[in-house]
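J.: See data29.pdb below, with PDB, N, CA and C atoms, pLDDT in the B column.
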```pdb
MODEL        1
ATOM      1  N   MET A  30      27.866 128.481   7.858  1.00 89.00           N
ATOM      2  CA  MET A  30      28.023 128.917   6.497  1.00 89.00           C
ATOM      3  C   MET A  30      26.705 128.724   5.780  1.00 89.00           C
ATOM      4  N   LEU A  31      26.370 129.684   4.923  1.00 88.00           N
ATOM      5  CA  LEU A  31      25.242 129.512   4.023  1.00 88.00           C
ATOM      6  C   LEU A  31      25.776 128.949   2.718  1.00 88.00           C
ATOM      7  N   VAL A  32      25.156 127.913   2.217  1.00 88.00           N
ATOM      8  CA  VAL A  32      25.610 127.232   1.011  1.00 88.00           C
ATOM      9  C   VAL A  32      24.521 127.332  -0.044  1.00 88.00           C
ATOM     10  N   GLY A  33      24.916 127.750  -1.232  1.00 86.00           N
ATOM     11  CA  GLY A  33      23.978 127.832  -2.342  1.00 86.00           C
ATOM     12  C   GLY A  33      24.433 128.883  -3.334  1.00 86.00           C
ATOM     13  N   ASP A  34      23.610 129.126  -4.339  1.00 84.00           N
ATOM     14  CA  ASP A  34      23.888 130.148  -5.328  1.00 84.00           C
ATOM     15  C   ASP A  34      24.059 131.492  -4.616  1.00 84.00           C
ATOM     16  N   LEU A  35      25.130 132.231  -4.926  1.00 82.00           N
ATOM     17  CA  LEU A  35      25.450 133.469  -4.208  1.00 82.00           C
ATOM     18  C   LEU A  35      24.298 134.459  -4.226  1.00 82.00           C
ATOM     19  N   LEU A  36      23.663 134.653  -5.361  1.00 83.00           N
ATOM     20  CA  LEU A  36      22.559 135.614  -5.420  1.00 83.00           C
ATOM     21  C   LEU A  36      21.375 135.153  -4.583  1.00 83.00           C
ATOM     22  N   CYS A  37      21.158 133.858  -4.464  1.00 84.00           N
ATOM     23  CA  CYS A  37      20.100 133.345  -3.591  1.00 84.00           C
ATOM     24  C   CYS A  37      20.469 133.543  -2.121  1.00 84.00           C
ATOM     25  N   VAL A  38      21.735 133.324  -1.786  1.00 84.00           N
ATOM     26  CA  VAL A  38      22.197 133.545  -0.410  1.00 84.00           C
ATOM     27  C   VAL A  38      21.996 135.008  -0.018  1.00 84.00           C
ATOM     28  N   LEU A  39      22.245 135.924  -0.945  1.00 83.00           N
ATOM     29  CA  LEU A  39      22.094 137.357  -0.687  1.00 83.00           C
ATOM     30  C   LEU A  39      20.656 137.837  -0.820  1.00 83.00           C
ATOM     31  N   LEU A  40      19.738 136.918  -1.145  1.00 80.00           N
ATOM     32  CA  LEU A  40      18.320 137.229  -1.374  1.00 80.00           C
ATOM     33  C   LEU A  40      18.142 138.256  -2.488  1.00 80.00           C
ATOM     34  N   GLU A  41      18.993 138.183  -3.509  1.00 83.00           N
ATOM     35  CA  GLU A  41      18.916 139.093  -4.645  1.00 83.00           C
ATOM     36  C   GLU A  41      18.676 138.343  -5.955  1.00 83.00           C
ATOM     37  N   CYS A  42      18.185 137.122  -5.861  1.00 80.00           N
ATOM     38  CA  CYS A  42      17.977 136.343  -7.081  1.00 80.00           C
ATOM     39  C   CYS A  42      16.620 136.679  -7.693  1.00 80.00           C
ATOM     40  N   ASP A  43      16.405 136.209  -8.901  1.00 74.00           N
ATOM     41  CA  ASP A  43      15.124 136.437  -9.562  1.00 74.00           C
ATOM     42  C   ASP A  43      14.279 135.166  -9.593  1.00 74.00           C
ATOM     43  N   HIS A  44      14.616 134.204  -8.736  1.00 70.00           N
ATOM     44  CA  HIS A  44      13.860 132.956  -8.645  1.00 70.00           C
ATOM     45  C   HIS A  44      12.710 133.135  -7.668  1.00 70.00           C
ATOM     46  N   GLU A  45      11.673 132.372  -7.872  1.00 64.00           N
ATOM     47  CA  GLU A  45      10.571 132.344  -6.912  1.00 64.00           C
ATOM     48  C   GLU A  45      11.027 131.609  -5.657  1.00 64.00           C
ATOM     49  N   HIS A  46      10.518 132.008  -4.513  1.00 56.00           N
ATOM     50  CA  HIS A  46      10.817 131.277  -3.281  1.00 56.00           C
ATOM     51  C   HIS A  46       9.629 131.375  -2.339  1.00 56.00           C
ATOM     52  N   SER A  47       9.473 130.377  -1.503  1.00 58.00           N
ATOM     53  CA  SER A  47       8.346 130.360  -0.577  1.00 58.00           C
ATOM     54  C   SER A  47       8.618 131.285   0.595  1.00 58.00           C
ATOM     55  N   ALA A  48       7.573 131.786   1.203  1.00 56.00           N
ATOM     56  CA  ALA A  48       7.698 132.741   2.310  1.00 56.00           C
ATOM     57  C   ALA A  48       8.385 132.112   3.512  1.00 56.00           C
ATOM     58  N   GLU A  49       8.241 130.803   3.693  1.00 55.00           N
ATOM     59  CA  GLU A  49       8.838 130.134   4.848  1.00 55.00           C
ATOM     60  C   GLU A  49      10.309 129.827   4.637  1.00 55.00           C
ATOM     61  N   GLY A  50      10.827 130.010   3.432  1.00 52.00           N
ATOM     62  CA  GLY A  50      12.220 129.708   3.157  1.00 52.00           C
ATOM     63  C   GLY A  50      12.479 128.246   2.876  1.00 52.00           C
ATOM     64  N   GLY A  51      11.426 127.481   2.674  1.00 52.00           N
ATOM     65  CA  GLY A  51      11.592 126.060   2.384  1.00 52.00           C
ATOM     66  C   GLY A  51      10.704 125.643   1.234  1.00 52.00           C
ATOM     67  N   PRO A  52      10.935 124.456   0.702  1.00 52.00           N
ATOM     68  CA  PRO A  52      10.127 124.000  -0.425  1.00 52.00           C
ATOM     69  C   PRO A  52       8.677 123.779  -0.005  1.00 52.00           C
ATOM     70  N   ASP A  53       7.764 124.008  -0.901  1.00 52.00           N
ATOM     71  CA  ASP A  53       6.362 123.719  -0.623  1.00 52.00           C
ATOM     72  C   ASP A  53       5.753 122.989  -1.817  1.00 52.00           C
ATOM     73  N   GLY A  54       4.534 122.529  -1.663  1.00 51.00           N
ATOM     74  CA  GLY A  54       3.894 121.749  -2.702  1.00 51.00           C
ATOM     75  C   GLY A  54       3.417 122.574  -3.886  1.00 51.00           C
ATOM     76  N   ILE A  55       3.376 123.889  -3.756  1.00 52.00           N
ATOM     77  CA  ILE A  55       2.833 124.741  -4.809  1.00 52.00           C
ATOM     78  C   ILE A  55       3.890 125.093  -5.846  1.00 52.00           C
ATOM     79  N   GLU A  56       5.083 125.354  -5.423  1.00 53.00           N
ATOM     80  CA  GLU A  56       6.122 125.787  -6.354  1.00 53.00           C
ATOM     81  C   GLU A  56       7.413 125.012  -6.147  1.00 53.00           C
ATOM     82  N   ASP A  57       8.152 124.854  -7.200  1.00 55.00           N
ATOM     83  CA  ASP A  57       9.463 124.215  -7.151  1.00 55.00           C
ATOM     84  C   ASP A  57      10.480 125.342  -7.156  1.00 55.00           C
ATOM     85  N   SER A  58      11.081 125.637  -6.030  1.00 63.00           N
ATOM     86  CA  SER A  58      11.910 126.827  -5.897  1.00 63.00           C
ATOM     87  C   SER A  58      13.392 126.505  -5.863  1.00 63.00           C
ATOM     88  N   TYR A  59      14.135 127.147  -6.729  1.00 67.00           N
ATOM     89  CA  TYR A  59      15.589 127.009  -6.787  1.00 67.00           C
ATOM     90  C   TYR A  59      16.226 127.580  -5.532  1.00 67.00           C
ATOM     91  N   CYS A  60      15.790 128.756  -5.094  1.00 75.00           N
ATOM     92  CA  CYS A  60      16.413 129.425  -3.949  1.00 75.00           C
ATOM     93  C   CYS A  60      16.132 128.738  -2.621  1.00 75.00           C
ATOM     94  N   ASP A  61      15.129 127.902  -2.564  1.00 75.00           N
ATOM     95  CA  ASP A  61      14.860 127.183  -1.321  1.00 75.00           C
ATOM     96  C   ASP A  61      15.927 126.146  -1.023  1.00 75.00           C
ATOM     97  N   GLU A  62      16.846 125.908  -1.962  1.00 78.00           N
ATOM     98  CA  GLU A  62      17.907 124.940  -1.740  1.00 78.00           C
ATOM     99  C   GLU A  62      19.110 125.532  -1.009  1.00 78.00           C
ATOM    100  N   VAL A  63      19.064 126.802  -0.641  1.00 85.00           N
ATOM    101  CA  VAL A  63      20.116 127.397   0.188  1.00 85.00           C
ATOM    102  C   VAL A  63      20.017 126.744   1.559  1.00 85.00           C
ATOM    103  N   ARG A  64      21.169 126.329   2.093  1.00 88.00           N
ATOM    104  CA  ARG A  64      21.163 125.634   3.378  1.00 88.00           C
ATOM    105  C   ARG A  64      22.310 126.141   4.256  1.00 88.00           C
ATOM    106  N   GLU A  65      22.245 125.794   5.513  1.00 91.00           N
ATOM    107  CA  GLU A  65      23.285 126.149   6.469  1.00 91.00           C
ATOM    108  C   GLU A  65      24.137 124.930   6.765  1.00 91.00           C
ATOM    109  N   GLU A  66      25.451 125.124   6.849  1.00 91.00           N
ATOM    110  CA  GLU A  66      26.372 124.066   7.239  1.00 91.00           C
ATOM    111  C   GLU A  66      27.342 124.635   8.268  1.00 91.00           C
ATOM    112  N   THR A  67      27.770 123.799   9.191  1.00 93.00           N
ATOM    113  CA  THR A  67      28.759 124.201  10.187  1.00 93.00           C
ATOM    114  C   THR A  67      30.105 123.633   9.768  1.00 93.00           C
ATOM    115  N   VAL A  68      31.104 124.506   9.665  1.00 92.00           N
ATOM    116  CA  VAL A  68      32.443 124.078   9.273  1.00 92.00           C
ATOM    117  C   VAL A  68      33.446 124.562  10.312  1.00 92.00           C
ATOM    118  N   CYS A  69      34.622 123.986  10.282  1.00 91.00           N
ATOM    119  CA  CYS A  69      35.715 124.402  11.153  1.00 91.00           C
ATOM    120  C   CYS A  69      36.399 125.605  10.492  1.00 91.00           C
ATOM    121  N   SER A  70      36.119 126.787  10.980  1.00 87.00           N
ATOM    122  CA  SER A  70      36.670 127.991  10.337  1.00 87.00           C
ATOM    123  C   SER A  70      38.179 128.112  10.519  1.00 87.00           C
ATOM    124  N   THR A  71      38.723 127.485  11.551  1.00 87.00           N
ATOM    125  CA  THR A  71      40.160 127.551  11.796  1.00 87.00           C
ATOM    126  C   THR A  71      40.951 126.862  10.694  1.00 87.00           C
ATOM    127  N   HIS A  72      40.399 125.754  10.163  1.00 89.00           N
ATOM    128  CA  HIS A  72      41.131 124.964   9.189  1.00 89.00           C
ATOM    129  C   HIS A  72      40.526 125.009   7.790  1.00 89.00           C
ATOM    130  N   SER A  73      39.486 125.789   7.595  1.00 91.00           N
ATOM    131  CA  SER A  73      38.908 125.977   6.270  1.00 91.00           C
ATOM    132  C   SER A  73      39.599 127.162   5.611  1.00 91.00           C
ATOM    133  N   ARG A  74      39.513 127.234   4.281  1.00 92.00           N
ATOM    134  CA  ARG A  74      40.142 128.345   3.556  1.00 92.00           C
ATOM    135  C   ARG A  74      39.086 129.192   2.876  1.00 92.00           C
ATOM    136  N   PHE A  75      39.318 130.497   2.892  1.00 92.00           N
ATOM    137  CA  PHE A  75      38.403 131.460   2.314  1.00 92.00           C
ATOM    138  C   PHE A  75      39.159 132.348   1.329  1.00 92.00           C
ATOM    139  N   ALA A  76      38.433 132.865   0.337  1.00 93.00           N
ATOM    140  CA  ALA A  76      39.018 133.793  -0.633  1.00 93.00           C
ATOM    141  C   ALA A  76      37.928 134.775  -1.054  1.00 93.00           C
ATOM    142  N   VAL A  77      38.329 135.942  -1.491  1.00 93.00           N
ATOM    143  CA  VAL A  77      37.372 136.928  -1.979  1.00 93.00           C
ATOM    144  C   VAL A  77      36.999 136.544  -3.412  1.00 93.00           C
ATOM    145  N   GLY A  78      35.696 136.409  -3.654  1.00 86.00           N
ATOM    146  CA  GLY A  78      35.203 136.004  -4.968  1.00 86.00           C
ATOM    147  C   GLY A  78      35.050 137.172  -5.921  1.00 86.00           C
ATOM    148  N   ASP A  79      34.523 136.886  -7.103  1.00 85.00           N
ATOM    149  CA  ASP A  79      34.361 137.876  -8.165  1.00 85.00           C
ATOM    150  C   ASP A  79      33.486 139.066  -7.770  1.00 85.00           C
ATOM    151  N   LEU A  80      32.500 138.847  -6.913  1.00 79.00           N
ATOM    152  CA  LEU A  80      31.602 139.928  -6.514  1.00 79.00           C
ATOM    153  C   LEU A  80      32.082 140.666  -5.268  1.00 79.00           C
ATOM    154  N   GLY A  81      33.269 140.302  -4.772  1.00 88.00           N
ATOM    155  CA  GLY A  81      33.831 140.989  -3.611  1.00 88.00           C
ATOM    156  C   GLY A  81      33.436 140.390  -2.273  1.00 88.00           C
ATOM    157  N   TYR A  82      32.739 139.277  -2.276  1.00 84.00           N
ATOM    158  CA  TYR A  82      32.344 138.622  -1.034  1.00 84.00           C
ATOM    159  C   TYR A  82      33.312 137.490  -0.728  1.00 84.00           C
ATOM    160  N   GLU A  83      33.516 137.246   0.563  1.00 88.00           N
ATOM    161  CA  GLU A  83      34.383 136.150   0.969  1.00 88.00           C
ATOM    162  C   GLU A  83      33.659 134.828   0.727  1.00 88.00           C
ATOM    163  N   GLU A  84      34.339 133.897   0.057  1.00 88.00           N
ATOM    164  CA  GLU A  84      33.752 132.608  -0.267  1.00 88.00           C
ATOM    165  C   GLU A  84      34.610 131.487   0.299  1.00 88.00           C
ATOM    166  N   LEU A  85      33.967 130.416   0.674  1.00 88.00           N
ATOM    167  CA  LEU A  85      34.660 129.243   1.192  1.00 88.00           C
ATOM    168  C   LEU A  85      35.234 128.464   0.014  1.00 88.00           C
ATOM    169  N   THR A  86      36.552 128.239   0.009  1.00 90.00           N
ATOM    170  CA  THR A  86      37.184 127.502  -1.086  1.00 90.00           C
ATOM    171  C   THR A  86      37.553 126.073  -0.680  1.00 90.00           C
ATOM    172  N   HIS A  87      37.732 125.840   0.611  1.00 90.00           N
ATOM    173  CA  HIS A  87      38.006 124.493   1.123  1.00 90.00           C
ATOM    174  C   HIS A  87      37.416 124.414   2.520  1.00 90.00           C
ATOM    175  N   SER A  88      36.598 123.406   2.769  1.00 89.00           N
ATOM    176  CA  SER A  88      35.990 123.304   4.099  1.00 89.00           C
ATOM    177  C   SER A  88      36.469 122.062   4.826  1.00 89.00           C
ATOM    178  N   GLU A  89      36.602 122.201   6.116  1.00 89.00           N
ATOM    179  CA  GLU A  89      36.874 121.092   7.024  1.00 89.00           C
ATOM    180  C   GLU A  89      35.641 120.962   7.907  1.00 89.00           C
ATOM    181  N   PRO A  90      35.174 119.741   8.146  1.00 88.00           N
ATOM    182  CA  PRO A  90      33.950 119.559   8.924  1.00 88.00           C
ATOM    183  C   PRO A  90      34.122 119.945  10.391  1.00 88.00           C
ATOM    184  N   TRP A  91      33.000 120.253  11.023  1.00 88.00           N
ATOM    185  CA  TRP A  91      32.946 120.537  12.454  1.00 88.00           C
ATOM    186  C   TRP A  91      32.546 119.257  13.156  1.00 88.00           C
ATOM    187  N   PRO A  92      33.081 118.902  14.291  1.00 89.00           N
ATOM    188  CA  PRO A  92      34.112 119.622  15.028  1.00 89.00           C
ATOM    189  C   PRO A  92      35.482 119.444  14.374  1.00 89.00           C
ATOM    190  N   CYS A  93      36.355 120.407  14.621  1.00 87.00           N
ATOM    191  CA  CYS A  93      37.686 120.402  14.015  1.00 87.00           C
ATOM    192  C   CYS A  93      38.452 119.166  14.471  1.00 87.00           C
ATOM    193  N   ARG A  94      38.945 118.418  13.502  1.00 81.00           N
ATOM    194  CA  ARG A  94      39.745 117.226  13.820  1.00 81.00           C
ATOM    195  C   ARG A  94      41.110 117.303  13.170  1.00 81.00           C
ATOM    196  N   HIS A  95      41.377 118.401  12.538  1.00 65.00           N
ATOM    197  CA  HIS A  95      42.624 118.605  11.802  1.00 65.00           C
ATOM    198  C   HIS A  95      43.749 118.858  12.805  1.00 65.00           C
ATOM    199  N   SER A  96      44.842 118.151  12.666  1.00 65.00           N
ATOM    200  CA  SER A  96      45.999 118.380  13.530  1.00 65.00           C
ATOM    201  C   SER A  96      46.953 119.312  12.797  1.00 65.00           C
ATOM    202  N   PRO A  97      47.457 120.340  13.471  1.00 60.00           N
ATOM    203  CA  PRO A  97      48.398 121.231  12.809  1.00 60.00           C
ATOM    204  C   PRO A  97      49.663 120.500  12.422  1.00 60.00           C
ATOM    205  N   GLU A  98      50.265 120.942  11.321  1.00 60.00           N
ATOM    206  CA  GLU A  98      51.531 120.331  10.889  1.00 60.00           C
ATOM    207  C   GLU A  98      52.618 120.695  11.895  1.00 60.00           C
ATOM    208  N   PRO A  99      53.541 119.772  12.166  1.00 56.00           N
ATOM    209  CA  PRO A  99      54.617 120.070  13.126  1.00 56.00           C
ATOM    210  C   PRO A  99      55.516 121.178  12.611  1.00 56.00           C
ATOM    211  N   VAL A 100      55.958 122.005  13.527  1.00 58.00           N
ATOM    212  CA  VAL A 100      56.869 123.098  13.195  1.00 58.00           C
ATOM    213  C   VAL A 100      58.264 122.537  13.016  1.00 58.00           C
ATOM    214  N   ARG A 101      58.929 122.906  11.927  1.00 61.00           N
ATOM    215  CA  ARG A 101      60.278 122.379  11.672  1.00 61.00           C
ATOM    216  C   ARG A 101      61.282 123.474  11.765  1.00 61.00           C
TER
ENDMDL
END
```
Translate the structure described by the file into structure tokens.

T.:
Amino acid sequence: MLVGDLLCVLLECDHEHSAEGGPDGIEDSYCDEVREETVCSTHSRFAVGDLGYEELTHSEPWPCRHSPEPVR
């Protein structure tokens, strides 16, 4: 998962960013704070956000440790 401001994740923001995609000593970049995280997609929840993109609303860490609820 990419985590950060949606427009920065889509590379459509108006913030300055370094060419390497990371912070540097010359500029303090808001968009450089976009990061990658690994989540358990089986047990995480997603919803379509205001801009029509699927967004993570609840995450479970990887590796998946969630036990399914018993069937009744």

J.: Given the file above and the PyMOL selection byres ((chain A and resi 85-88) around 7), which residues are selected, and can you give them as a PyMOL selection string?

T.: chain A and resi 68-69+72-76+83-84+89-90

J.: Just give me the gap between CA of Cys42 in chain A and CA of Gly78 in chain A in Å, one decimal is fine.

T.: 17.4 Å

J.: Padding 4 Å on every side, please: axis-aligned box over the listed atoms of range 57-75 of chain A, centre and edge lengths to one decimal in Å, as lines of an AutoDock Vina configuration file.

T.:
```
center_x = 24.6
center_y = 128.0
center_z = 2.3
size_x = 41.0
size_y = 16.7
size_z = 27.0
```

J.: If you measure from atom C of His44 in chain A to atom C of Val63 in chain A, what distance in Å do you get, rounded to one decimal?

T.: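 According to the coordinates, atom C of His44 in chain A and atom C of Val63 in chain A are separated by 13.4 Å.
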
J.: What separation in Å, quoted to one decimal, exists between CA of Leu31 in chain A and CA of Asp43 in chain A?

T.: 18.3 Å
